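As stored in structure_6.cif (mmCIF, C-alpha atoms):
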data_structure
#
loop_
_atom_site.label_atom_id
_atom_site.label_comp_id
_atom_site.auth_asym_id
_atom_site.auth_seq_id
_atom_site.Cartn_x
_atom_site.Cartn_y
_atom_site.Cartn_z
CA MET A 288 15.96 -6.97 4.54
CA SER A 289 15.54 -10.64 5.01
CA ASP A 290 13.14 -13.54 4.62
CA SER A 291 9.89 -14.39 3.06
CA THR A 292 7.10 -13.07 0.98
CA SER A 293 4.12 -13.56 3.16
CA ARG A 294 2.38 -15.19 6.04
CA ALA A 295 -0.37 -17.67 5.16
CA HIS A 296 -1.04 -19.63 8.34
CA ASP A 297 -0.90 -18.34 11.88
CA GLY A 298 2.64 -18.55 13.23
CA LEU A 299 4.06 -19.84 9.93
CA VAL A 300 6.20 -17.95 7.45
CA LEU A 301 6.41 -18.73 3.74
CA VAL A 302 10.06 -19.32 2.80
CA GLY A 303 9.80 -21.00 -0.60
CA ARG A 304 7.93 -23.10 -3.12
CA VAL A 305 8.51 -26.60 -4.46
CA VAL A 306 9.34 -26.10 -8.14
CA LYS A 307 9.84 -29.70 -9.24
CA PRO A 308 11.33 -33.05 -8.31
CA HIS A 309 15.08 -33.44 -8.81
CA GLY A 310 16.38 -36.86 -9.79
CA ILE A 311 14.75 -40.18 -8.91
CA ARG A 312 15.33 -40.38 -5.14
CA GLY A 313 12.69 -37.92 -3.96
CA GLU A 314 14.78 -34.78 -3.81
CA LEU A 315 12.81 -31.53 -4.24
CA CYS A 316 13.96 -28.42 -6.07
CA VAL A 317 12.81 -25.43 -4.01
CA GLU A 318 12.73 -21.76 -5.01
CA SER A 319 13.87 -20.00 -1.86
CA TYR A 320 12.22 -16.73 -0.88
CA ALA A 321 14.72 -16.26 1.94
CA ASP A 322 17.46 -13.71 1.29
CA SER A 323 19.90 -15.91 3.14
CA PRO A 324 20.61 -19.43 1.87
CA SER A 325 21.80 -20.22 5.40
CA LEU A 326 18.17 -20.54 6.55
CA PHE A 327 17.50 -23.93 4.95
CA PRO A 328 20.47 -25.93 6.33
CA GLN A 329 19.40 -24.93 9.86
CA LEU A 330 15.91 -26.40 9.49
CA GLU A 331 14.97 -29.66 11.17
CA SER A 332 11.53 -29.66 9.54
CA VAL A 333 9.36 -27.74 7.08
CA LEU A 334 5.64 -27.61 6.42
CA LEU A 335 4.28 -28.00 2.90
CA GLY A 336 0.86 -26.82 1.86
CA SER A 337 -1.27 -24.53 -0.27
CA GLY A 338 -4.41 -22.48 0.14
CA SER A 339 -6.23 -22.56 3.45
CA LYS A 340 -5.63 -26.29 4.03
CA LYS A 341 -3.42 -27.03 7.05
CA PRO A 342 0.18 -27.67 5.90
CA THR A 343 1.85 -31.07 6.47
CA ARG A 344 5.08 -31.29 8.48
CA PHE A 345 8.10 -33.12 7.01
CA GLY A 346 11.46 -33.75 8.64
CA VAL A 347 14.41 -32.41 6.65
CA ALA A 348 16.92 -35.16 5.86
CA SER A 349 19.31 -33.03 3.77
CA VAL A 350 19.69 -29.66 2.08
CA ARG A 351 22.08 -28.47 -0.59
CA PRO A 352 22.26 -25.50 -2.96
CA HIS A 353 21.85 -26.15 -6.69
CA GLN A 354 21.83 -23.56 -9.51
CA GLY A 355 20.39 -20.73 -7.39
CA ARG A 356 17.80 -22.95 -5.72
CA MET A 357 17.79 -25.35 -2.78
CA LEU A 358 17.50 -29.13 -3.05
CA LEU A 359 15.66 -30.66 -0.10
CA THR A 360 15.37 -34.30 0.81
CA LEU A 361 12.43 -34.82 3.15
CA GLU A 362 11.75 -37.76 5.41
CA GLY A 363 9.06 -39.98 3.88
CA VAL A 364 9.72 -38.73 0.34
CA ALA A 365 11.89 -41.45 -1.19
CA ASP A 366 11.06 -41.47 -4.90
CA ARG A 367 10.26 -39.22 -7.83
CA THR A 368 6.55 -40.09 -7.81
CA ARG A 369 6.13 -38.90 -4.21
CA ALA A 370 8.26 -35.82 -4.93
CA GLU A 371 6.12 -35.04 -8.00
CA SER A 372 3.01 -35.04 -5.80
CA LEU A 373 4.52 -32.13 -3.83
CA ARG A 374 5.20 -29.94 -6.90
CA GLY A 375 3.83 -26.40 -6.51
CA LEU A 376 3.35 -26.57 -2.74
CA ASP A 377 4.47 -23.69 -0.55
CA VAL A 378 7.24 -24.26 2.00
CA PHE A 379 6.60 -22.83 5.47
CA VAL A 380 8.56 -22.71 8.71
CA PRO A 381 7.37 -21.73 12.18
CA GLU A 382 8.15 -18.07 12.81
CA SER A 383 9.85 -19.10 16.05
CA THR A 384 12.57 -20.95 14.09
CA LEU A 385 13.71 -17.86 12.19
CA PRO A 386 17.09 -16.45 13.26
CA GLU A 387 17.23 -13.35 15.44
CA LEU A 388 17.91 -10.15 13.51
CA ASP A 389 20.11 -7.17 14.24
CA GLU A 390 18.40 -4.00 15.41
CA ASP A 391 18.32 -2.40 11.93
CA GLU A 392 17.07 -5.55 10.16
CA PHE A 393 13.53 -6.84 9.64
CA TYR A 394 11.68 -9.69 8.06
CA LEU A 395 9.55 -8.85 5.04
CA HIS A 396 6.47 -10.44 6.60
CA ASP A 397 6.75 -7.83 9.37
CA LEU A 398 6.03 -5.14 6.75
CA LEU A 399 2.72 -6.58 5.59
CA GLY A 400 -0.16 -4.28 6.52
CA LEU A 401 2.04 -1.20 7.00
CA ASP A 402 1.07 2.14 5.45
CA VAL A 403 3.22 3.09 2.48
CA LEU A 404 3.89 6.83 2.25
CA GLN A 405 5.72 8.98 -0.26
CA GLU A 406 8.34 11.46 0.95
CA ASP A 407 5.76 14.28 1.01
CA GLY A 408 3.50 12.25 3.31
CA THR A 409 1.02 11.21 0.63
CA CYS A 410 -0.32 7.74 1.43
CA LEU A 411 0.04 5.28 -1.44
CA GLY A 412 -1.84 2.57 0.42
CA VAL A 413 -1.16 -0.53 2.47
CA LEU A 414 1.55 -3.08 1.73
CA GLU A 415 -0.53 -6.14 0.89
CA HIS A 416 1.93 -8.75 -0.41
CA PHE A 417 5.18 -9.35 -2.24
CA ILE A 418 5.81 -10.79 -5.67
CA GLU A 419 9.11 -12.48 -6.49
CA ALA A 420 9.82 -12.96 -10.16
CA GLY A 421 13.12 -13.28 -11.94
CA GLY A 422 15.07 -12.59 -8.77
CA GLN A 423 13.32 -9.22 -8.33
CA LEU A 424 11.16 -8.51 -5.30
CA THR A 425 8.14 -6.31 -6.01
CA TRP A 426 5.89 -4.74 -3.37
CA ALA A 427 2.14 -4.88 -4.04
CA ILE A 428 0.50 -1.86 -2.43
CA LEU A 429 -3.28 -1.62 -2.21
CA HIS A 430 -4.40 1.97 -2.83
CA GLU A 431 -7.61 3.29 -1.21
CA SER A 432 -9.19 3.31 -4.69
CA GLY A 433 -8.83 -0.48 -4.75
CA ARG A 434 -6.10 -0.34 -7.37
CA GLU A 435 -2.82 -2.13 -6.89
CA ILE A 436 0.48 -0.27 -7.20
CA LEU A 437 3.54 -2.42 -7.91
CA LEU A 438 6.80 -0.96 -6.62
CA PRO A 439 10.21 -2.57 -7.13
CA GLY A 440 11.43 -3.45 -3.63
CA VAL A 441 14.93 -2.09 -4.11
CA PRO A 442 16.88 0.12 -1.69
CA GLU A 443 16.87 3.19 -3.95
CA PHE A 444 13.04 3.34 -3.70
CA ILE A 445 12.66 2.31 -0.02
CA LEU A 446 13.77 5.28 2.08
CA ASP A 447 12.66 4.40 5.60
CA VAL A 448 11.01 1.51 7.42
CA ASP A 449 9.44 2.19 10.81
CA ILE A 450 7.64 -0.95 11.95
CA ASP A 451 6.82 0.57 15.36
CA ALA A 452 5.10 3.54 13.68
CA GLY A 453 3.41 1.24 11.15
CA LYS A 454 4.80 2.93 8.06
CA VAL A 455 7.26 2.73 5.20
CA VAL A 456 8.46 5.80 3.30
CA VAL A 457 9.18 5.29 -0.39
CA ALA A 458 10.36 7.32 -3.39
CA PRO A 459 8.80 5.64 -6.44
CA PRO A 460 10.32 6.32 -9.85
CA GLU A 461 8.84 9.36 -11.56
CA GLY A 462 5.52 8.55 -13.26
CA LEU A 463 5.09 5.11 -11.67
CA VAL A 464 2.23 6.04 -9.33
CA ASP A 465 0.43 7.98 -12.10
CA LEU A 466 0.69 4.91 -14.32
CA TYR A 467 -1.33 2.87 -11.80
CA LEU A 468 -3.76 5.55 -10.64
CA LYS A 469 -4.62 7.46 -13.81
CA PRO A 470 -8.24 7.05 -14.95
CA GLU A 471 -8.69 4.52 -17.73
#
I need this file expressed as structure tokens, please.
Amino acid sequence: MSDSTSRAHDGLVLVGRVVKPHGIRGELCVESYADSPSLFPQLESVLLGSGSKKPTRFGVASVRPHQGRMLLTLEGVADRTRAESLRGLDVFVPESTLPELDEDEFYLHDLLGLDVLQEDGTCLGVLEHFIEAGGQLTWAILHESGREILLPGVPEFILDVDIDAGKVVVAPPEGLVDLYLKPE
């Protein structure tokens, strides 16, 4: 598995979020959603934005890893005040700039909208989005009842991914599905 949590603007892929400024020279501390830290050093530019507003393009002047996050210096962001104004914005890249994958690999955004089935063929719902917290990726699956099922996105629970067939087969931990779907 590789890459981002979601797609927010046509042709753009979410790869991180600006957490805070770093230092006084405009450097940004970015929480990377990409599995591979090698994505950021390859980027010539990124787009920053939030909500439905069109993101703004910034040239990337430098990138370096720092305590599990990435530090980005962007063209036109030269001081802490300007960097502070970008706090909380999402970091996007054009989908076309993402590296090619091997045949058995996929980007997470390619899974959005796929049917999520249990081993016995029971449909849990549609994969709606991903949540990244504490280094753990969680899949948010929308059940036909309108309830959300949260499934840890770890290999022991994800049995098969078939993008061409539009489905993912999972083996949730015992009792997890009942926890979300039982009547209140």
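You will find CA of Leu326 (chain A) at 24.6 Å from CA of Lys340 (chain A).
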Here's the selection I'm unsure about, the PyMOL selection byres ((chain A and resi 468) around 10); applied to the file above, which residues does it give, as a CSV table (one decimal) with C-alpha atoms, in the frame of the given file?
chain,number,residue,atom,x,y,z
A,411,LEU,CA,0.0,5.3,-1.4
A,430,HIS,CA,-4.4,2.0,-2.8
A,432,SER,CA,-9.2,3.3,-4.7
A,433,GLY,CA,-8.8,-0.5,-4.8
A,434,ARG,CA,-6.1,-0.3,-7.4
A,435,GLU,CA,-2.8,-2.1,-6.9
A,436,ILE,CA,0.5,-0.3,-7.2
A,463,LEU,CA,5.1,5.1,-11.7
A,464,VAL,CA,2.2,6.0,-9.3
A,465,ASP,CA,0.4,8.0,-12.1
A,466,LEU,CA,0.7,4.9,-14.3
A,467,TYR,CA,-1.3,2.9,-11.8
A,469,LYS,CA,-4.6,7.5,-13.8
A,470,PRO,CA,-8.2,7.0,-15.0
A,471,GLU,CA,-8.7,4.5,-17.7
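The space between CA of Gln354 (chain A) and CA of Leu424 (chain A) spans 18.9 Å.
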Could you work out how far CA of Ser319 (chain A) lies from CA of Asp366 (chain A), giving the answer in Å with one decimal?
->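 Between CA of Asp366 (chain A) and CA of Ser319 (chain A) the gap is 21.9 Å.
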Which of A:Gly346, A:Arg312, A:Val403, A:Val413 sits closest to Ala370 (chain A) [using only C-alpha atoms] |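 Using only C-alpha atoms, the shortest distance to Ala370 (chain A) belongs to A:Arg312.
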Test item: the PyMOL selection byres ((chain A and resi 396-402) around 6) resolved as a count of residues only | 10
Measuring atom to atom with all atoms listed in the file, identify which of A:Ile428, A:Leu299, A:Val455, A:Leu358 is nearest to Leu335 (chain A).
->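 Answer, going by the shortest atom-to-atom distance: A:Leu299.
Comparing the minimum interatomic distances between Pro381 (chain A) and each of A:Gln405, A:Thr368, A:Ser332, A:Ser325, counting only C-alpha atoms, we find that A:Ser332 sits nearest.
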Evaluate the PyMOL selection byres ((chain A and resi 363) around 9) here and jot the selected residues down as a PyMOL selection string.
-> chain A and resi 313+345-346+361-362+364-365+369
Residue nearest Glu331 (chain A) among A:Arg344, A:His416, A:Arg356, A:Arg304 (counting all atoms listed in the file) = A:Arg344
Near-Gly298 (chain A) list (10 Å; all atoms listed in the file; drop same-chain fewer than 4 positions) as a PyMOL selection string | chain A and resi 294+379-383
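Closest approach to Pro459 (chain A) from the set A:Gln423, A:Thr384, A:Thr409, A:Thr343 is made by A:Thr409, with distances taken over all atoms listed in the file.
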When distances are computed from all atoms listed in the file, which of A:Val456, A:Val317, A:Ala427, A:Val302 shows the smallest separation from His353 (chain A)?
-> A:Val317
What's the 9 Å shell around Gly440 (chain A), counting all atoms listed in the file, without same-chain residues fewer than 3 positions away, as a CSV table (one decimal) with C-alpha atoms, in the coordinates of the input?
chain,number,residue,atom,x,y,z
A,417,PHE,CA,5.2,-9.4,-2.2
A,423,GLN,CA,13.3,-9.2,-8.3
A,424,LEU,CA,11.2,-8.5,-5.3
A,425,THR,CA,8.1,-6.3,-6.0
A,426,TRP,CA,5.9,-4.7,-3.4
A,443,GLU,CA,16.9,3.2,-4.0
A,444,PHE,CA,13.0,3.3,-3.7
A,445,ILE,CA,12.7,2.3,0.0
Can you pull out every residue within 12 Å of Glu318 (chain A), counting only C-alpha atoms, but drop anything in the same chain fewer than 3 positions away, and send it as a count of residues only?
-> 32
